[in-house]
Amino acid sequence: MTVKKMKRRAILAFVQDKPGTLNKISMMIRRKMYNVDTLTVCKAKAAGVSRMTITLREDDEAKVLQVIRQLEKFTEVIRAKELDREQSYWREVAIIKFELEKKTLEKLQKKYQIEILDAQPHDIYIVQIAGPTERIDSFLKDVGSEHFIEIARTGVTAMDK
Amino acid sequence: MKGTELVLRALHAKGVKYIFGYTGGAIMPIFDEMEKQKLFTFVMPRHEQGATFMAQGLSRASLSTDTPQIGVCMATSGPGAMNLVTGIADAHMDSVPMVSITGQVATGVIATDAFQESDVVGVMMPICKQTYMPLTTEEIEKTVHEAFYVATTGRFGPVVIDLPKDVQIQSVDENYSFNPKTFRPKLPGFYYHPSPEREVVHQAIEMMNRSERPVMFCGHGVISSNAGAMLQEFAEKTNIPVAFTLHGLSAMPVDHPLSLGMMGMHGTVEANRAIMNADLIISFGMRFDDRVTGKLNEYAKNADVIHVEIDPSELDKNVATTVPINADVARTLHVMLHDPELVSKPRRRWLKEIETNRQETVAEVEAEVAAGVGDGGKLLMKTIIRRLSDITEGKDIIVPDVGQHQMMSARYYNFQTNNSWFTSGGAGTMGCSLPMAIGAKLARPDERVWSISGDGGFQMNIQELCTIMEHDTDVKIMILNNGYLGMVRQWQTLFFDGRYAGTPMISPNYEFIAKAYSLPYQKVTELDQVDAAIRTAIDHNGAYILEFVCDPSEVILPMIPSGGGFGDMIVSRHKS
């Protein structure tokens with residue numbers, strides 16, 4: 001089975017906001033060759049604590065448990081857990097620069113909730129779209145890759161319901 | 001107070017007596033303060049790697065004494081620190097507590113490729129439990145105390161403190177205060193569960209009571225938690241046989257009626273077959289390393305597994321457990337021993353099956369040991385180790401290097417003394433023996449310590465003979481010289497059509513080397529000289545070097561080839 005078809009998982013980890021924490025975790029991901037798609041970090045509510053969301057592809061339940069245990073082994077990782085897809089929200093943001101006819105853009109605006117950040121000469125637009133990965137993927141497909149100039153995506157952040 | 005004084009004050013507060021270190025520009029201030037205070041016994045190796053193994057030997061050997069100590073090694077920045085890498089990675093693999101302090105260039109020039117600068121924190125991060133780089137003098141004491149806490153709590157391991165030179169030299173102001181008695185490290189992500197849950201233990205006991213073909217595993221965790229006596233009592237109480245990992249050896253007498261000896265790649269026939277046919281495995285303080293399991297999908301297929309282990313990430317890592325018990329081994333054994341439901345079953349058929357397996361190769365092996373020499377007339381390692389074992393009654397401390405002789409020592413020495421066996425296991429670092437034996441002797445001065453090396457490993461840290469000479473360390477040194485890297489040669493014989501690539505080993509004249517280091521020496525070539533030579537070394541007051549000329553074609557058996565399962569075990573040279 002190719003990696004892309006494996007089940008996508010999100011792991012939420014609360015880690016100490018210290019230099020080297022990100023280094024240690026990405027080192028482990030490299031060494032163990034986890035199929036990580038995205039990794040986002042932000043400050044958590046508690047002082048000195050960061051919130052890290054890792055999405056990876058893994059079918060084997062036991063292996064996912066191992067990822068969590070290996071993360072918790074680090075002194076910098078306070079707690080790690082897997083987020084149930086059905087019981088949590090997974091969201092990301094994308095900024096896309098593309099060249100598109102105004103009419104096509106207006107059609108897309110009706111279908112998707114997007115914010116136009118910039119309108120430049122020769123039908124070049126910079127737009128922002130936020131939402132689940134699938135929605136962003138769908139939007140990009142509708143735009144058509146031949147129209148892309150640049151894409152910046154954040155990766156997934158997630159929260160339990 | 002200056003940073004240097006604070007470092008030493010913290011080390012002293014943690015009961016450190018020995019510092020194994022090698023000076024240099026970036027660590028000179030600490031050495032200078034050490035010289036002023038004369039609080040520690042300073043032991044200088046002749047290579048920083050030697051310091052790491054000396055520290056390891058001290059940590060491991062002192063664990064079972066009334067005054068356990070943590071080995072501390074110090075090196076300067078750049079190449080000094082880099083030379084500690086192997087020893088620290090080794091301690092990490094074998095879960096040995098150790099604190100390393102490296103000098104670092106001043107904070108102002110870090111990451112500018114300054115003279116003798118290296119990214120110690122970056123390099124050491126994956127190979128130790130924690131790295132620290134205090135950036136202010138005020139952080140020093142708390143860092144050292146936390147380092148010791150992390151090294152010695154939960155699963156033991158090495159910790160590295162990289163100390164910039166300016167932070168060493170600066171002083172704290174008069175408002176600074178630190179109370180080691182009230183200090184608690186703030187480690188929200190660091191917790192462990194030493195005590196097992198009673199219901200889980202009870203579940204395990206029920207499984208043990210029901211099982212007909214159980215085996216107990218004694219791993220390094222039994223030694224680390226000083227639980228050898230309890231494990232023996234537990235084995236006797238339940239009448240369950242015990243197999244040992246490499247590092248579990250010497251937790252209890254290896255000739256105990258319930259002992260199966262070592263298991264795994266070079267384990268005994270009876271241990272490995274028992275595991276193949278077991279219906280229940282109760283493992284204490286081990287991690288199901290590949291040398292122990294062989295091919296995982298063929299491992300102990302018929303057995304349920306109870307796994308007692310302090311590090312939760314080892315549970316279900318390699319082997320699926322039926323009853324995982326995340327707890328300290330000693331505490332778990334204590335709870336198990338006092339469980340009122342615990343029963344003893346005769347399990348006659350099982351024990352008889354084990355005995356039959358044990359007898360399968362006894363005659364052949366004993367004949368070989370008795371012959372004492374191989375086809376070429378050179379000495380057999382197994383015989384030398386057996387003679388050593390008989391003469392010392394299995395009571396001495398054995399510190400082998402890495403290779404065939406290491407496996408021979410594991411298999412043919414009749415360990416009687418608790419915590420009397422130290423070697424590089426997980427990493428298998430050649431050259432570990434000589435410096436590790438020095439550390440072990442410092443920890444256990446009233447016991448006899450044997451460093452046993454092959455000709456390859458002996459040359460790797462041969463310079464530590466100078467440390468022995470300088471400190472008059474009474475380490476009995478054996479060189480089992482077969483002119484090859486024996487273990488690799490064995491593989492080449494069995495699997496590479498006898499092409500000995502990179503294994504023939506030419507040694508210097510060890511007699512001259514011994515003389516250069518003012519150490520007595522004897523070469524042993526004949527079987528009838530072996531006993532007398534060993535006794536001469538024993539009777540000599542001080543270090544003694546014995547070189548034995550050994551048969552290169554000797555093989556260590558049984559052997560489970562790498563990638564093979566227990567069913568692929570090669571038991572005898574002669575039977576196919």
# chains A, B, ... in the order shown; residues from 1 in each chain; ligands from 1
$ select_by_dssp --residues "chain A" --states "strand (DSSP E or B)" --output "VMD selection string"
chain A and resid 8 to 16 36 to 43 49 to 57 77 to 83 88 to 99 114 to 120 124 to 131 148 to 153 157 to 160
$ closest_atom_pairs --of "chain A" --to "chain B" --cutoff "6 Å" --atoms "only C-alpha atoms" --output "tab-separated table"
residue	atom	partner	partner_atom	distance
A:Arg69	CA	B:Ser313	CA	4.9
A:Gln70	CA	B:Ser313	CA	5.6
A:Thr75	CA	B:Gly189	CA	4.7
A:Glu76	CA	B:Gly189	CA	5.4
A:Val77	CA	B:Gly189	CA	5.0
A:Ile78	CA	B:Gly189	CA	3.7
$ write_last_selection --atoms "N, CA and C atoms" --output "tab-separated table (two decimals), in the first residue's frame"
chain	number	residue	atom	x	y	z
A	69	ARG	N	4.39	6.90	22.58
A	69	ARG	CA	5.28	6.54	23.68
A	69	ARG	C	6.68	7.11	23.48
A	70	GLN	N	7.18	7.06	22.24
A	70	GLN	CA	8.51	7.58	21.98
A	70	GLN	C	8.54	9.10	22.18
A	75	THR	N	11.98	14.32	27.79
A	75	THR	CA	11.61	15.10	28.97
A	75	THR	C	10.88	16.38	28.57
A	76	GLU	N	11.13	16.85	27.34
A	76	GLU	CA	10.48	18.09	26.92
A	76	GLU	C	9.02	17.89	26.56
A	77	VAL	N	8.62	16.66	26.27
A	77	VAL	CA	7.24	16.40	25.88
A	77	VAL	C	6.43	16.12	27.13
A	78	ILE	N	5.45	16.98	27.38
A	78	ILE	CA	4.66	16.85	28.59
A	78	ILE	C	3.60	15.78	28.42
$ residues_around --residues "Asp528 in chain B" --least-positions-apart "5" --cutoff "12 Å" --atoms "only C-alpha atoms" --output "list of chain:residue names"
B:Ala370, B:Ala371, B:Gly372, B:Val373, B:Leu379, B:Thr383, B:Ile384, B:Arg387, B:Ala533, B:Ile534
$ write_last_selection --atoms "C-alpha atoms" --output "PDB file, in the first residue's frame"
ATOM      1  CA  ALA B 370      38.918 -30.786  28.523  1.00  0.00           C
ATOM      2  CA  ALA B 371      40.963 -31.035  25.335  1.00  0.00           C
ATOM      3  CA  GLY B 372      41.835 -27.392  25.835  1.00  0.00           C
ATOM      4  CA  VAL B 373      43.479 -26.932  22.457  1.00  0.00           C
ATOM      5  CA  LEU B 379      44.587 -22.822  23.314  1.00  0.00           C
ATOM      6  CA  THR B 383      38.954 -23.663  28.353  1.00  0.00           C
ATOM      7  CA  ILE B 384      40.807 -20.559  29.544  1.00  0.00           C
ATOM      8  CA  ARG B 387      39.900 -22.517  34.193  1.00  0.00           C
ATOM      9  CA  ALA B 533      49.675 -18.347  34.967  1.00  0.00           C
ATOM     10  CA  ILE B 534      46.249 -17.421  36.324  1.00  0.00           C
TER      11      ILE B 534
END
$ atom_distance --atom1 "CA of Leu140 in chain A" --atom2 "CA of Ala94 in chain A"
9.8 Å
$ residues_around --residues "Leu117 in chain A" --least-positions-apart "4" --cutoff "9 Å" --atoms "only C-alpha atoms" --output "short mmCIF file (atom, residue, chain, number, x, y, z; two decimals) with C-alpha atoms, in the first residue's frame"
data_model
loop_
_atom_site.label_atom_id
_atom_site.label_comp_id
_atom_site.auth_asym_id
_atom_site.auth_seq_id
_atom_site.Cartn_x
_atom_site.Cartn_y
_atom_site.Cartn_z
CA ILE A 95 -2.32 31.36 0.48
CA TYR A 125 -4.82 37.10 -7.69
CA ILE A 126 -3.58 36.19 -4.24
CA VAL A 127 -6.27 34.47 -2.21
CA GLN A 128 -6.53 32.94 1.24
#
$ select_by_dssp --residues "range 460-504 of chain B" --states "alpha helix (DSSP H)" --output "PyMOL selection string"
chain B and resi 460+465-471+486-495
$ closest_residue --among "B:Thr137, B:Ser95, B:Ser572, B:Asn297" --to "Ser59 in chain B" --atoms "only C-alpha atoms"
B:Ser95
$ closest_residue --among "B:Ile397, B:Val85, B:Ile513, B:Leu258" --to "Cys128 in chain B" --atoms "only C-alpha atoms"
B:Val85
$ closest_residue --among "A:Pro121, A:Gly20, A:Gly155, A:Gly131" --to "Leu56 in chain A" --atoms "only C-alpha atoms"
A:Gly155
$ residues_around --residues "Phe14 in chain A" --least-positions-apart "2" --cutoff "9 Å" --atoms "only C-alpha atoms" --output "PyMOL selection string"
(chain A and resi 12+16+44+49-53+76-80) or (chain B and resi 189)
$ write_last_selection --atoms "C-alpha atoms" --output "PDB file, in the first residue's frame"
ATOM      1  CA  LEU A  12      -1.326  16.419  19.593  1.00  0.00           C
ATOM      2  CA  GLN A  16       8.119  22.643  26.717  1.00  0.00           C
ATOM      3  CA  ALA A  44      -0.325  26.850  24.218  1.00  0.00           C
ATOM      4  CA  VAL A  49       4.290  25.363  26.839  1.00  0.00           C
ATOM      5  CA  SER A  50       3.917  24.865  23.096  1.00  0.00           C
ATOM      6  CA  ARG A  51       1.279  22.901  21.277  1.00  0.00           C
ATOM      7  CA  MET A  52       2.485  20.671  18.473  1.00  0.00           C
ATOM      8  CA  THR A  53       0.222  18.982  15.907  1.00  0.00           C
ATOM      9  CA  GLU A  76      10.479  18.087  26.919  1.00  0.00           C
ATOM     10  CA  VAL A  77       7.235  16.401  25.876  1.00  0.00           C
ATOM     11  CA  ILE A  78       4.663  16.855  28.593  1.00  0.00           C
ATOM     12  CA  ARG A  79       1.909  14.818  27.031  1.00  0.00           C
ATOM     13  CA  ALA A  80       1.058  13.308  23.642  1.00  0.00           C
TER      14      ALA A  80
ATOM     15  CA  GLY B 189       7.418  15.917  30.815  1.00  0.00           C
TER      16      GLY B 189
END
$ residues_around --residues "Asp60 in chain A" --least-positions-apart "3" --cutoff "10 Å" --atoms "only C-alpha atoms" --output "number ranges by chain"
A: 6-7, 57, 63-65
$ write_last_selection --atoms "C-alpha atoms" --output "compact mmCIF listing (two decimals), in the first residue's frame"
# COMPACT_ATOMS: atom_id res chain seq x y z
CA MET A 6 -2.58 4.85 4.58
CA LYS A 7 -4.82 6.19 7.28
CA ARG A 57 0.15 8.22 7.76
CA LYS A 63 2.86 1.69 15.59
CA VAL A 64 0.84 4.82 16.38
CA LEU A 65 0.94 3.94 20.05
$ residues_around --residues "Glu82 in chain A" --least-positions-apart "6" --cutoff "8 Å" --atoms "only C-alpha atoms" --output "PyMOL selection string"
chain A and resi 9-12+68
$ atom_distance --atom1 "CA of Ser62 in chain B" --atom2 "CA of Ser433 in chain B"
16.6 Å
$ closest_residue --among "B:Val201, B:Ala55, B:Ile545, B:Val215" --to "Gly261 in chain B" --atoms "only C-alpha atoms"
B:Val215
$ atom_distance --atom1 "CA of Ile452 in chain B" --atom2 "CA of His220 in chain B"
20.6 Å
